[in-house]
file final.cif (mmCIF, C-alpha atoms and all ligand atoms)
data_data
loop_
_atom_site.label_atom_id
_atom_site.label_comp_id
_atom_site.auth_asym_id
_atom_site.auth_seq_id
_atom_site.Cartn_x
_atom_site.Cartn_y
_atom_site.Cartn_z
CA MET A 1 15.10 -14.46 10.40
CA GLY A 2 15.68 -10.76 10.31
CA GLN A 3 13.39 -7.79 10.04
CA TYR A 4 10.45 -7.87 7.70
CA VAL A 5 7.42 -5.83 6.68
CA ILE A 6 3.75 -6.65 6.26
CA GLY A 7 1.99 -6.04 2.95
CA ILE A 8 -1.81 -6.05 2.78
CA ASP A 9 -3.83 -6.08 -0.43
CA MET A 10 -7.40 -5.16 0.42
CA GLY A 11 -9.82 -5.87 -2.41
CA GLY A 12 -13.58 -5.45 -2.67
CA THR A 13 -14.14 -9.13 -1.87
CA LYS A 14 -10.84 -10.55 -0.54
CA THR A 15 -8.03 -9.29 1.64
CA ARG A 16 -4.56 -10.79 1.46
CA ALA A 17 -1.78 -10.20 3.98
CA ALA A 18 1.82 -11.32 3.71
CA ALA A 19 5.06 -11.04 5.64
CA VAL A 20 7.79 -10.01 3.21
CA ASP A 21 11.50 -9.84 3.97
CA LEU A 22 13.58 -6.88 2.83
CA GLU A 23 14.62 -8.76 -0.33
CA GLY A 24 10.98 -9.27 -1.35
CA ARG A 25 10.58 -12.91 -0.34
CA VAL A 26 7.11 -13.83 0.93
CA LEU A 27 7.65 -15.50 4.33
CA ALA A 28 3.99 -16.22 5.08
CA ALA A 29 0.63 -15.20 3.62
CA ARG A 30 -3.03 -15.41 4.59
CA GLN A 31 -6.23 -14.51 2.78
CA GLY A 32 -9.76 -13.87 4.01
CA PRO A 33 -13.00 -12.19 2.96
CA THR A 34 -13.29 -8.39 3.03
CA ASP A 35 -16.20 -7.01 5.02
CA PRO A 36 -17.49 -4.28 2.66
CA ARG A 37 -20.03 -2.81 5.12
CA ASP A 38 -18.69 -2.90 8.67
CA PRO A 39 -15.23 -1.35 8.98
CA ARG A 40 -14.90 -2.21 12.70
CA ARG A 41 -15.43 -5.91 12.03
CA GLY A 42 -13.42 -5.67 8.82
CA LEU A 43 -10.52 -4.05 10.63
CA GLU A 44 -10.51 -6.75 13.31
CA ALA A 45 -10.45 -9.43 10.59
CA MET A 46 -7.59 -7.65 8.82
CA ALA A 47 -5.59 -7.31 12.03
CA GLY A 48 -6.32 -11.01 12.67
CA LEU A 49 -4.81 -11.99 9.29
CA VAL A 50 -1.71 -9.96 10.11
CA ARG A 51 -1.36 -11.56 13.56
CA GLU A 52 -1.64 -15.03 11.98
CA VAL A 53 1.07 -14.13 9.48
CA ILE A 54 3.35 -12.80 12.25
CA ALA A 55 2.72 -15.95 14.32
CA GLU A 56 3.58 -18.19 11.37
CA VAL A 57 6.85 -16.35 10.73
CA ALA A 58 7.72 -16.70 14.43
CA ARG A 59 6.85 -20.43 14.36
CA ASN A 60 8.96 -21.03 11.27
CA ALA A 61 11.86 -19.10 12.78
CA ALA A 62 11.59 -21.12 16.01
CA GLU A 63 11.59 -24.38 14.02
CA GLU A 64 14.71 -23.25 12.22
CA GLY A 65 16.32 -22.57 15.58
CA GLY A 66 16.21 -18.78 15.21
CA GLU A 67 14.59 -16.29 17.52
CA ALA A 68 10.86 -15.76 17.47
CA GLY A 69 10.05 -12.44 15.81
CA GLN A 70 8.49 -10.10 18.30
CA PRO A 71 7.11 -6.85 17.01
CA GLY A 72 8.93 -3.69 17.68
CA ALA A 73 12.54 -4.37 18.54
CA ALA A 74 14.53 -2.33 16.05
CA GLY A 75 17.61 -4.20 14.88
CA SER A 76 16.17 -7.50 16.06
CA PRO A 77 13.79 -9.86 14.26
CA GLY A 78 10.20 -8.82 13.77
CA PRO A 79 7.80 -6.79 11.65
CA ILE A 80 8.73 -3.11 11.36
CA ALA A 81 5.89 -1.55 9.36
CA VAL A 82 2.71 -2.27 7.42
CA GLY A 83 1.84 -1.20 3.87
CA LEU A 84 -1.85 -1.33 3.00
CA GLY A 85 -3.05 -1.23 -0.60
CA ALA A 86 -6.78 -0.54 -0.93
CA PRO A 87 -9.27 0.49 -3.62
CA GLY A 88 -9.56 4.23 -4.15
CA PRO A 89 -10.37 6.96 -4.09
CA LEU A 90 -8.37 7.43 -0.91
CA ASP A 91 -7.14 10.27 1.19
CA VAL A 92 -3.62 8.84 1.29
CA ALA A 93 -2.11 11.49 3.55
CA GLY A 94 -5.03 11.20 5.97
CA GLY A 95 -5.00 7.40 5.78
CA ARG A 96 -8.72 7.10 5.06
CA PHE A 97 -11.21 6.00 2.42
CA GLN A 98 -13.08 8.62 0.44
CA GLU A 99 -15.85 7.04 -1.62
CA ALA A 100 -14.71 3.53 -2.58
CA PRO A 101 -17.73 2.23 -4.57
CA ASN A 102 -17.08 -1.42 -3.62
CA LEU A 103 -16.58 -0.68 0.10
CA PRO A 104 -19.59 1.53 0.96
CA GLY A 105 -19.29 1.09 4.73
CA TRP A 106 -15.67 2.28 4.81
CA ASN A 107 -16.25 5.84 3.51
CA GLY A 108 -14.30 8.23 5.70
CA PHE A 109 -12.96 5.44 7.90
CA PRO A 110 -9.40 6.23 9.09
CA VAL A 111 -8.12 2.76 8.28
CA ALA A 112 -4.39 3.51 8.59
CA ARG A 113 -4.70 5.01 12.06
CA GLU A 114 -7.04 2.28 13.31
CA LEU A 115 -4.84 -0.53 12.00
CA TRP A 116 -1.74 1.15 13.44
CA GLN A 117 -3.51 1.28 16.78
CA ALA A 118 -4.62 -2.37 16.55
CA LEU A 119 -1.19 -3.71 15.60
CA GLY A 120 1.23 -1.26 17.22
CA LEU A 121 3.03 -0.90 13.88
CA PRO A 122 3.09 2.15 11.58
CA VAL A 123 0.73 1.75 8.62
CA LEU A 124 1.08 3.40 5.20
CA LEU A 125 -2.03 3.49 3.02
CA GLU A 126 -1.79 3.46 -0.77
CA ASN A 127 -4.12 3.04 -3.74
CA ASP A 128 -4.16 -0.67 -4.73
CA ALA A 129 -3.14 -0.14 -8.36
CA ASN A 130 -0.27 2.09 -7.21
CA ALA A 131 0.81 -0.58 -4.73
CA ALA A 132 0.76 -3.32 -7.39
CA ALA A 133 2.77 -1.09 -9.76
CA VAL A 134 5.35 -0.54 -7.02
CA GLY A 135 5.48 -4.34 -6.55
CA GLU A 136 6.15 -4.99 -10.26
CA HIS A 137 8.71 -2.18 -10.32
CA ARG A 138 10.61 -3.39 -7.31
CA PHE A 139 10.36 -7.16 -7.78
CA GLY A 140 8.62 -8.08 -11.08
CA ALA A 141 8.06 -7.26 -14.74
CA ALA A 142 8.93 -3.55 -14.42
CA VAL A 143 12.32 -3.91 -12.70
CA GLY A 144 14.69 -1.41 -14.31
CA LEU A 145 11.97 0.60 -16.07
CA THR A 146 11.85 4.30 -15.27
CA ASP A 147 8.68 5.15 -17.22
CA PHE A 148 5.75 2.80 -17.44
CA LEU A 149 2.03 2.64 -17.21
CA TYR A 150 0.58 -0.09 -15.00
CA VAL A 151 -2.95 -1.28 -15.72
CA THR A 152 -4.92 -3.59 -13.50
CA LEU A 153 -7.67 -5.51 -15.28
CA GLY A 154 -10.43 -7.19 -13.34
CA THR A 155 -13.95 -6.32 -12.20
CA GLY A 156 -12.80 -2.75 -12.71
CA ILE A 157 -9.84 -1.21 -14.50
CA GLY A 158 -7.32 0.83 -12.58
CA GLY A 159 -3.90 2.14 -13.33
CA ALA A 160 -0.73 3.73 -12.07
CA VAL A 161 1.92 5.96 -13.60
CA PHE A 162 5.67 5.72 -13.08
CA MET A 163 7.72 8.55 -14.55
CA ASP A 164 11.41 9.30 -14.07
CA GLY A 165 11.65 6.26 -11.81
CA LYS A 166 8.97 7.46 -9.41
CA LEU A 167 5.36 6.61 -8.74
CA ARG A 168 3.31 9.69 -9.69
CA ARG A 169 0.15 10.04 -7.64
CA GLY A 170 -1.22 13.32 -8.96
CA THR A 171 -2.90 16.01 -6.88
CA SER A 172 -5.40 13.72 -5.19
CA GLY A 173 -3.80 10.31 -5.74
CA GLY A 174 -5.92 9.63 -8.82
CA ALA A 175 -3.23 9.66 -11.54
CA GLY A 176 -3.49 6.71 -13.94
CA GLU A 177 -7.24 6.07 -13.71
CA ILE A 178 -7.28 4.71 -17.23
CA GLY A 179 -10.51 2.75 -16.66
CA HIS A 180 -12.46 6.00 -16.71
CA VAL A 181 -10.99 7.50 -19.84
CA GLN A 182 -13.93 7.98 -22.19
CA VAL A 183 -13.63 6.17 -25.50
CA ASP A 184 -17.24 6.50 -26.68
CA PRO A 185 -19.35 9.50 -25.61
CA ASP A 186 -22.50 7.63 -26.65
CA GLY A 187 -21.50 4.36 -24.98
CA PRO A 188 -23.20 2.58 -22.07
CA VAL A 189 -23.26 4.18 -18.61
CA CYS A 190 -20.23 3.29 -16.49
CA GLY A 191 -20.20 2.60 -12.74
CA CYS A 192 -18.73 6.08 -12.30
CA GLY A 193 -21.83 7.66 -13.87
CA ARG A 194 -20.15 8.75 -17.11
CA ARG A 195 -20.72 7.18 -20.51
CA GLY A 196 -18.48 4.96 -22.60
CA CYS A 197 -15.47 4.66 -20.27
CA VAL A 198 -12.80 2.07 -21.08
CA GLU A 199 -14.00 0.07 -18.08
CA VAL A 200 -17.56 -0.34 -19.30
CA PHE A 201 -16.29 -2.15 -22.44
CA ALA A 202 -13.03 -3.76 -21.38
CA ALA A 203 -13.43 -4.89 -17.74
CA GLY A 204 -14.72 -8.33 -16.78
CA PRO A 205 -18.44 -7.53 -16.40
CA GLY A 206 -18.54 -5.62 -19.72
CA ILE A 207 -16.86 -8.50 -21.55
CA ALA A 208 -19.29 -11.03 -20.07
CA ARG A 209 -22.33 -8.85 -20.81
CA ALA A 210 -21.35 -8.23 -24.45
CA ALA A 211 -20.89 -11.99 -24.98
CA GLY A 212 -24.09 -12.98 -23.15
CA LYS A 213 -22.15 -14.96 -20.49
CA ASP A 214 -22.16 -14.78 -16.68
CA ARG A 215 -18.43 -14.40 -16.23
CA ALA A 216 -15.54 -13.05 -18.30
CA GLU A 217 -13.53 -16.25 -17.63
CA GLU A 218 -16.08 -18.16 -19.75
CA VAL A 219 -15.50 -15.77 -22.66
CA PHE A 220 -11.71 -16.14 -22.43
CA ALA A 221 -12.03 -19.96 -22.27
CA ALA A 222 -14.45 -20.06 -25.24
CA ALA A 223 -12.14 -17.81 -27.29
CA ALA A 224 -9.22 -20.09 -26.44
CA ALA A 225 -11.26 -23.04 -27.74
CA GLY A 226 -11.78 -21.24 -31.06
CA ASP A 227 -15.31 -19.81 -30.57
CA GLU A 228 -15.50 -17.02 -33.18
CA ALA A 229 -18.14 -14.95 -31.35
CA ALA A 230 -16.07 -15.00 -28.16
CA ARG A 231 -12.90 -14.05 -30.09
CA HIS A 232 -14.73 -11.17 -31.73
CA GLY A 233 -16.11 -10.00 -28.36
CA LEU A 234 -12.63 -10.02 -26.81
CA ALA A 235 -11.18 -8.17 -29.79
CA VAL A 236 -13.82 -5.43 -29.42
CA ALA A 237 -13.11 -5.19 -25.67
CA GLY A 238 -9.35 -5.13 -26.34
CA GLN A 239 -9.80 -2.30 -28.86
CA ALA A 240 -11.57 -0.20 -26.22
CA LEU A 241 -8.69 -0.81 -23.82
CA GLY A 242 -6.29 0.03 -26.66
CA ARG A 243 -7.98 3.40 -27.26
CA GLY A 244 -7.50 4.35 -23.63
CA LEU A 245 -3.90 3.13 -23.66
CA ALA A 246 -3.17 4.96 -26.93
CA LEU A 247 -4.22 8.23 -25.35
CA ALA A 248 -2.12 7.51 -22.27
CA VAL A 249 1.05 6.54 -24.16
CA THR A 250 0.80 9.64 -26.33
CA LEU A 251 0.64 11.78 -23.20
CA LEU A 252 3.18 9.93 -21.07
CA ASP A 253 5.67 8.37 -23.53
CA PRO A 254 6.27 5.24 -21.40
CA GLN A 255 8.77 2.46 -22.11
CA ALA A 256 6.05 -0.16 -21.65
CA VAL A 257 2.56 -0.89 -20.44
CA VAL A 258 2.50 -3.55 -17.70
CA ILE A 259 -0.72 -5.51 -17.22
CA GLY A 260 -1.87 -7.06 -13.93
CA GLY A 261 -5.03 -7.84 -11.99
CA GLY A 262 -7.33 -10.85 -11.95
CA MET A 263 -7.93 -10.87 -15.72
CA ALA A 264 -4.19 -11.26 -16.37
CA GLU A 265 -4.70 -14.78 -14.94
CA ALA A 266 -7.33 -15.68 -17.59
CA ASP A 267 -6.77 -18.40 -20.21
CA PRO A 268 -3.57 -17.25 -22.00
CA ALA A 269 -4.88 -18.00 -25.50
CA GLY A 270 -8.01 -15.94 -24.83
CA LEU A 271 -6.04 -13.19 -23.15
CA ALA A 272 -3.75 -13.00 -26.19
CA VAL A 273 -6.75 -12.17 -28.45
CA TYR A 274 -7.73 -9.35 -26.10
CA LEU A 275 -4.23 -7.90 -25.59
CA GLU A 276 -3.24 -8.17 -29.26
CA ALA A 277 -6.33 -6.15 -30.20
CA ALA A 278 -5.31 -3.53 -27.63
CA GLU A 279 -1.71 -3.50 -28.83
CA ALA A 280 -2.81 -3.04 -32.46
CA VAL A 281 -4.66 0.15 -31.48
CA VAL A 282 -1.73 1.39 -29.35
CA ALA A 283 0.54 0.88 -32.37
CA THR A 284 -1.51 3.46 -34.32
CA ALA A 285 -1.04 6.11 -31.61
CA PHE A 286 1.27 9.07 -31.93
CA ILE A 287 4.20 8.06 -29.75
CA PRO A 288 7.08 10.50 -29.44
CA GLY A 289 10.24 9.35 -31.20
CA GLY A 290 8.31 6.83 -33.28
CA ARG A 291 8.89 4.17 -30.61
CA LYS A 292 6.63 1.32 -29.68
CA ALA A 293 5.08 0.92 -26.25
CA PRO A 294 4.93 -2.85 -25.81
CA ILE A 295 2.34 -4.42 -23.50
CA ARG A 296 3.97 -6.74 -20.93
CA ARG A 297 2.27 -9.05 -18.52
CA GLY A 298 3.11 -8.62 -14.84
CA VAL A 299 4.81 -11.61 -13.23
CA LEU A 300 3.86 -11.30 -9.55
CA ALA A 301 0.27 -12.47 -10.06
CA VAL A 302 -1.68 -12.65 -6.79
CA ASN A 303 1.27 -11.27 -4.80
CA ALA A 304 1.73 -8.02 -6.77
CA GLY A 305 -0.45 -6.06 -4.33
CA VAL A 306 1.06 -7.40 -1.11
CA LEU A 307 4.62 -7.10 -2.44
CA GLY A 308 3.99 -3.52 -3.53
CA ALA A 309 2.38 -2.60 -0.23
CA ALA A 310 5.35 -4.24 1.51
CA ALA A 311 7.78 -2.27 -0.66
CA LEU A 312 6.01 0.94 0.39
CA ALA A 313 6.27 -0.11 4.03
CA MET A 314 10.00 -0.58 3.48
CA GLU A 315 10.18 3.18 2.97
CA VAL A 316 10.12 3.30 6.75
CA ALA A 317 13.11 0.99 6.96
CA ALA A 318 14.95 2.46 3.98
CA ARG A 319 14.79 6.14 4.93
CA PRO A 320 17.55 6.18 7.57
CA ALA A 321 20.22 5.27 5.02
CA SER A 322 18.89 7.37 2.16
CA LEU A 323 18.45 10.73 3.89
CA PRO A 324 21.00 12.76 5.81
CA PRO A 325 19.58 12.86 9.32
CA LYS A 326 18.57 16.14 10.92
CA VAL A 327 19.92 16.38 14.47
CA VAL A 328 18.05 18.59 16.93
CA ASP A 329 19.62 19.29 20.34
CA LYS A 330 17.14 19.31 23.20
CA PRO A 331 17.54 20.24 26.86
CA TRP A 332 17.11 16.56 27.75
CA GLY A 333 19.24 15.06 24.97
CA ARG A 334 18.66 15.08 21.23
CA GLU A 335 16.44 13.96 18.38
CA ILE A 336 17.74 12.51 15.13
CA TRP A 337 15.10 12.89 12.43
CA TRP A 338 15.47 10.36 9.65
CA ALA A 339 12.20 10.78 7.83
CA GLN A 340 9.42 13.26 7.45
CA THR A 341 6.82 12.68 4.76
CA ASP A 342 3.19 13.66 4.49
CA ARG A 343 2.34 10.33 6.11
CA TYR A 344 4.78 9.79 8.95
CA VAL A 345 7.64 11.22 10.95
CA GLY A 346 10.51 8.99 12.06
CA LYS A 347 12.97 10.00 14.80
CA ILE A 348 15.61 8.46 16.99
CA ILE A 349 15.26 10.02 20.45
CA GLU A 350 18.10 10.02 22.98
CA VAL A 351 17.28 11.03 26.54
CA ARG A 352 20.07 11.66 29.09
CA ALA A 353 20.08 9.62 32.31
CA GLY A 354 18.01 11.25 35.04
CA THR A 355 15.93 13.53 32.79
CA SER A 356 12.29 13.35 31.78
CA LEU A 357 10.46 14.53 28.69
CA SER A 358 7.41 16.67 29.32
CA LEU A 359 4.16 15.21 30.59
CA GLN A 360 2.04 15.56 27.49
CA TYR A 361 -0.72 14.28 25.29
CA HIS A 362 -1.57 14.64 21.61
CA ARG A 363 -4.88 15.73 20.18
CA GLN A 364 -4.68 13.47 17.11
CA LYS A 365 -1.21 12.10 16.72
CA LEU A 366 -0.50 8.40 17.11
CA GLU A 367 3.00 7.42 18.22
CA THR A 368 4.81 4.11 18.32
CA MET A 369 8.01 4.00 20.35
CA LEU A 370 10.52 1.21 19.87
CA PHE A 371 12.98 1.15 22.79
CA VAL A 372 16.46 0.06 21.75
CA ASP A 373 18.99 1.02 24.44
CA GLY A 374 19.02 1.86 28.14
CA GLN A 375 16.55 1.65 30.99
CA GLY A 376 13.63 3.92 31.69
CA MET A 377 10.01 4.37 32.56
CA ILE A 378 7.02 5.62 30.71
CA GLN A 379 4.01 7.00 32.46
CA LEU A 380 0.89 6.12 30.47
CA GLY A 381 -2.19 7.67 32.03
CA ASP A 382 -2.13 6.46 35.65
CA GLU A 383 0.16 3.57 34.87
CA ALA A 384 3.98 3.49 35.13
CA VAL A 385 5.56 1.04 32.71
CA THR A 386 9.22 -0.04 32.77
CA VAL A 387 10.82 0.09 29.34
CA THR A 388 13.71 -2.12 28.32
CA PRO A 389 15.28 -2.76 24.91
CA GLY A 390 12.91 -4.58 22.60
CA ARG A 391 9.73 -3.12 24.07
CA SER A 392 7.35 -1.28 21.79
CA ILE A 393 4.58 1.01 22.98
CA THR A 394 1.87 2.71 20.97
CA ILE A 395 0.42 5.89 22.39
CA THR A 396 -3.08 6.74 21.29
CA PRO A 397 -4.43 10.29 20.99
CA GLY A 398 -5.49 11.76 24.32
CA THR A 399 -3.28 9.48 26.42
CA LEU A 400 -1.24 11.42 28.94
CA HIS A 401 2.37 10.20 28.78
CA ARG A 402 5.87 10.99 29.96
CA VAL A 403 9.18 9.27 29.25
CA ARG A 404 11.81 9.17 32.02
CA ALA A 405 15.38 8.00 31.44
CA VAL A 406 16.93 6.02 34.32
CA THR A 407 20.13 5.37 32.35
CA ASP A 408 20.85 7.01 28.98
CA LEU A 409 17.80 5.97 26.95
CA ARG A 410 17.42 5.58 23.22
CA PHE A 411 14.24 4.84 21.30
CA TYR A 412 12.81 5.07 17.81
CA GLU A 413 9.59 6.93 17.41
CA VAL A 414 7.35 6.78 14.37
CA SER A 415 4.33 9.05 14.45
CA THR A 416 1.63 10.56 12.29
CA PRO A 417 2.64 14.06 11.24
CA GLU A 418 -0.02 16.40 12.67
CA VAL A 419 1.67 19.65 13.56
CA GLU A 420 1.36 21.58 16.84
CA ASP A 421 -0.60 18.72 18.20
CA VAL A 422 1.16 18.33 21.53
CA VAL A 423 -0.33 19.62 24.75
CA ARG A 424 2.33 19.92 27.47
CA VAL A 425 0.88 19.52 30.94
CA LYS A 426 4.14 19.67 32.87
CA ASP A 427 7.71 20.27 31.74
CA ASP A 428 11.05 20.36 33.61
CA PHE A 429 12.55 22.78 31.08
CA GLY A 430 10.03 25.61 31.26
CA ARG A 431 8.35 24.96 27.91
CA ALA A 432 4.71 25.90 27.60
ZN ZN A 501 -16.23 5.39 -15.76
#

call {"tool": "encode", "arguments": {"input": "final.cif", "output": "structure tokens"}}
result
Amino acid sequence: MGQYVIGIDMGGTKTRAAAVDLEGRVLAARQGPTDPRDPRRGLEAMAGLVREVIAEVARNAAEEGGEAGQPGAAGSPGPIAVGLGAPGPLDVAGGRFQEAPNLPGWNGFPVARELWQALGLPVLLENDANAAAVGEHRFGAAVGLTDFLYVTLGTGIGGAVFMDGKLRRGTSGGAGEIGHVQVDPDGPVCGCGRRGCVEVFAAGPGIARAAGKDRAEEVFAAAAAGDEAARHGLAVAGQALGRGLALAVTLLDPQAVVIGGGMAEADPAGLAVYLEAAEAVVATAFIPGGRKAPIRRGVLAVNAGVLGAAALAMEVAARPASLPPKVVDKPWGREIWWAQTDRYVGKIIEVRAGTSLSLQYHRQKLETMLFVDGQGMIQLGDEAVTVTPGRSITITPGTLHRVRAVTDLRFYEVSTPEVEDVVRVKDDFGRA
């Protein structure tokens, strides 16, 4: 058992967490209800799922005669980072919810920071449709595609855009929101307050309502059994989806449209009626080069979200090899920066024997240190803690701390990227 990451797929009703190795194999997974109203309780439940997953991986490793995976030891077994996919809109850089309609209690809640603090592992937050698209791109139906549109069909309709091999988030992370493309200005009112969006016709509740059923699954099953009214209803819903997709493929010129979400698990014969109707409309669109933009079904099913979130968390692990490191000499040793994004900073810090970093605290920044070589101490508030290789320590905002190297000391530090956030209380090198 080597290093692995944690992927979390947080939905409006269910949250799924999985441990995923660096090749994309799911090592353990757990699922539980989402608490839509109380983020404190919800966060504790989410952290609990992750701890269960970590414990199961450690148990399995112990049974196989390997080492138990403890968090934090770089280069040794254990979880190294967490990716969290959640319903938008999100402030991805700030790691918080904005106005998620299905999670009213979580508005403004800094979920990434709080989960990081609870688990002692860096957390990257991403829109759930984006995370699922990353999962299909890295491990599923979109492997090898450089340009595709991902559409998640369920209670709502979301989407994600890959262009030139990269996930494109847009200015505020909202790129790909195909569910709220308007296809009928006089149509019914959508959950977003506008009229005639794709979602109001083509998502589960709209399909059920139009067919006079309680649930969309019943409509798909009836259509599969040959019920003409149900087939007609699905064709009408599929056409609405197709109008939205036609607009998107004209704008984006993708190689394919990849479909995921709960509805992709519906009765295949019923789903075919719906998707064929959509594809027929897409085929009438103006597509550059006269190509087709085929609709493909995703293959990762329930694991698309956790695998995608895990793949995003792997950014943390993948950066050291993919970026030339920036080396900064310091009076006490040196820093080797291997990643700086809008969401985290990763450094290797080397402190010479006998020197101390400044006594400091941060106003907002959260830091996790993973000690890998040498012996030292860290002062944490009034406490002095001995650090040895394998130990990980998370420093919360406002905590006074100071690292002292007894022998040459080396640690990894991953932190949130607030700038000019450090307050130095005492420094051996005359810095303010
Ligand atoms: Zn809408």

call {"tool": "residues_near_ligand", "arguments": {"input": "final.cif", "ligand": "ligand ZN 501 (chain A)", "cutoff": "10 Å", "atoms": "only C-alpha atoms and all ligand atoms", "output": "mmCIF file with C-alpha atoms, in the coordinates of the input"}}
result
data_model
loop_
_atom_site.group_PDB
_atom_site.id
_atom_site.type_symbol
_atom_site.label_atom_id
_atom_site.label_comp_id
_atom_site.auth_asym_id
_atom_site.auth_seq_id
_atom_site.Cartn_x
_atom_site.Cartn_y
_atom_site.Cartn_z
ATOM 1 C CA GLY A 156 -12.800 -2.750 -12.710
ATOM 2 C CA ILE A 157 -9.840 -1.210 -14.500
ATOM 3 C CA GLU A 177 -7.240 6.070 -13.710
ATOM 4 C CA ILE A 178 -7.280 4.710 -17.230
ATOM 5 C CA GLY A 179 -10.510 2.750 -16.660
ATOM 6 C CA HIS A 180 -12.460 6.000 -16.710
ATOM 7 C CA VAL A 181 -10.990 7.500 -19.840
ATOM 8 C CA GLN A 182 -13.930 7.980 -22.190
ATOM 9 C CA PRO A 188 -23.200 2.580 -22.070
ATOM 10 C CA VAL A 189 -23.260 4.180 -18.610
ATOM 11 C CA CYS A 190 -20.230 3.290 -16.490
ATOM 12 C CA GLY A 191 -20.200 2.600 -12.740
ATOM 13 C CA CYS A 192 -18.730 6.080 -12.300
ATOM 14 C CA GLY A 193 -21.830 7.660 -13.870
ATOM 15 C CA ARG A 194 -20.150 8.750 -17.110
ATOM 16 C CA ARG A 195 -20.720 7.180 -20.510
ATOM 17 C CA GLY A 196 -18.480 4.960 -22.600
ATOM 18 C CA CYS A 197 -15.470 4.660 -20.270
ATOM 19 C CA VAL A 198 -12.800 2.070 -21.080
ATOM 20 C CA GLU A 199 -14.000 0.070 -18.080
ATOM 21 C CA VAL A 200 -17.560 -0.340 -19.300
#

call {"tool": "atom_distance", "arguments": {"input": "final.cif", "atom1": "atom CA of A:Met369", "atom2": "atom CA of A:Ser392"}}
result
5.5 Å

call {"tool": "atom_distance", "arguments": {"input": "final.cif", "atom1": "atom CA of A:Asp128", "atom2": "atom CA of A:Ala100"}}
result
11.6 Å

call {"tool": "atom_distance", "arguments": {"input": "final.cif", "atom1": "atom CA of A:Asp428", "atom2": "atom CA of A:Ile349"}}
result
17.3 Å

call {"tool": "closest_residue", "arguments": {"input": "final.cif", "among": "A:Thr15, A:Asn130, A:Asn303, A:Thr284", "to": "A:Leu43", "atoms": "all atoms listed in the file"}}
result
A:Thr15

call {"tool": "closest_residue", "arguments": {"input": "final.cif", "among": "A:Thr146, A:Pro389, A:Ala28, A:Ala216", "to": "A:Ala55", "atoms": "only C-alpha atoms"}}
result
A:Ala28

call {"tool": "residues_around", "arguments": {"input": "final.cif", "residues": "stretch 85-94 of chain A", "least_positions_apart": "5", "cutoff": "8 Å", "atoms": "all atoms listed in the file", "output": "list in words"}}
result
Gly7, Ile8, Asp9, Met10, Gly11, Gly12, Glu99, Ala100, Pro110, Leu125, Glu126, Asn127, Asp128, Ala129, Asn130, Ala131, Ser172, Gly173, Gly174, Gly305, Val306, Gly308, Ala309, Asp342 and Arg343 of chain A

call {"tool": "closest_atom_pairs", "arguments": {"input": "final.cif", "of": "stretch 254-284 of chain A", "to": "stretch 219-238 of chain A", "cutoff": "6 Å", "atoms": "all atoms listed in the file", "output": "CSV"}}
result
residue,atom,partner,partner_atom,distance
A:Asp267,CA,A:Ala221,CA,5.9
A:Ala269,CA,A:Ala224,CA,4.9
A:Gly270,CA,A:Phe220,CA,4.4
A:Tyr274,CA,A:Gly238,CA,4.5
A:Leu275,CA,A:Gly238,CA,5.9
A:Ala277,CA,A:Gly238,CA,5.0
A:Ala278,CA,A:Gly238,CA,4.5

call {"tool": "closest_residue", "arguments": {"input": "final.cif", "among": "A:Thr394, A:Thr250, A:Thr416, A:Thr155", "to": "A:Tyr344", "atoms": "all atoms listed in the file"}}
result
A:Thr416

call {"tool": "closest_residue", "arguments": {"input": "final.cif", "among": "A:Gly333, A:Gly376, A:Gly290, A:Gly381", "to": "A:Val351", "atoms": "only C-alpha atoms"}}
result
A:Gly333

call {"tool": "axis_aligned_box", "arguments": {"input": "final.cif", "around": "stretch 276-295 of chain A", "padding_each_side": "8 Å", "output": "JSON"}}
result
{"center_x": 2.0, "center_y": 1.2, "center_z": -28.9, "size_x": 32.6, "size_y": 34.7, "size_z": 26.8}

call {"tool": "residues_near_point", "arguments": {"input": "final.cif", "point": "(-13.8, 4.2, 5.9)", "cutoff": "12 Å", "atoms": "all atoms listed in the file", "output": "PyMOL selection string"}}
result
chain A and resi 35-43+86-91+94-115

call {"tool": "closest_residue", "arguments": {"input": "final.cif", "among": "A:Ala311, A:Leu49, A:Val258, A:Ala19", "to": "A:Pro33", "atoms": "all atoms listed in the file"}}
result
A:Leu49

call {"tool": "closest_residue", "arguments": {"input": "final.cif", "among": "A:His401, A:Ile295, A:Asp373, A:Gly83", "to": "A:Val385", "atoms": "all atoms listed in the file"}}
result
A:His401

call {"tool": "decode", "arguments": {"input": "final.cif", "residues": "stretch 276-280 of chain A", "atoms": "N, CA and C atoms", "output": "short mmCIF file (atom, residue, chain, number, x, y, z; two decimals), in the first residue's frame"}}
result
data_model
loop_
_atom_site.label_atom_id
_atom_site.label_comp_id
_atom_site.auth_asym_id
_atom_site.auth_seq_id
_atom_site.Cartn_x
_atom_site.Cartn_y
_atom_site.Cartn_z
N GLU A 276 -31.43 9.63 -27.88
CA GLU A 276 -31.53 9.68 -29.34
C GLU A 276 -32.26 10.94 -29.79
N ALA A 277 -33.28 11.34 -29.03
CA ALA A 277 -34.00 12.58 -29.36
C ALA A 277 -33.05 13.77 -29.24
N ALA A 278 -32.22 13.74 -28.19
CA ALA A 278 -31.25 14.84 -28.02
C ALA A 278 -30.25 14.85 -29.17
N GLU A 279 -29.75 13.66 -29.51
CA GLU A 279 -28.72 13.57 -30.54
C GLU A 279 -29.26 14.03 -31.91
N ALA A 280 -30.54 13.73 -32.16
CA ALA A 280 -31.15 14.14 -33.43
C ALA A 280 -31.15 15.67 -33.55
#
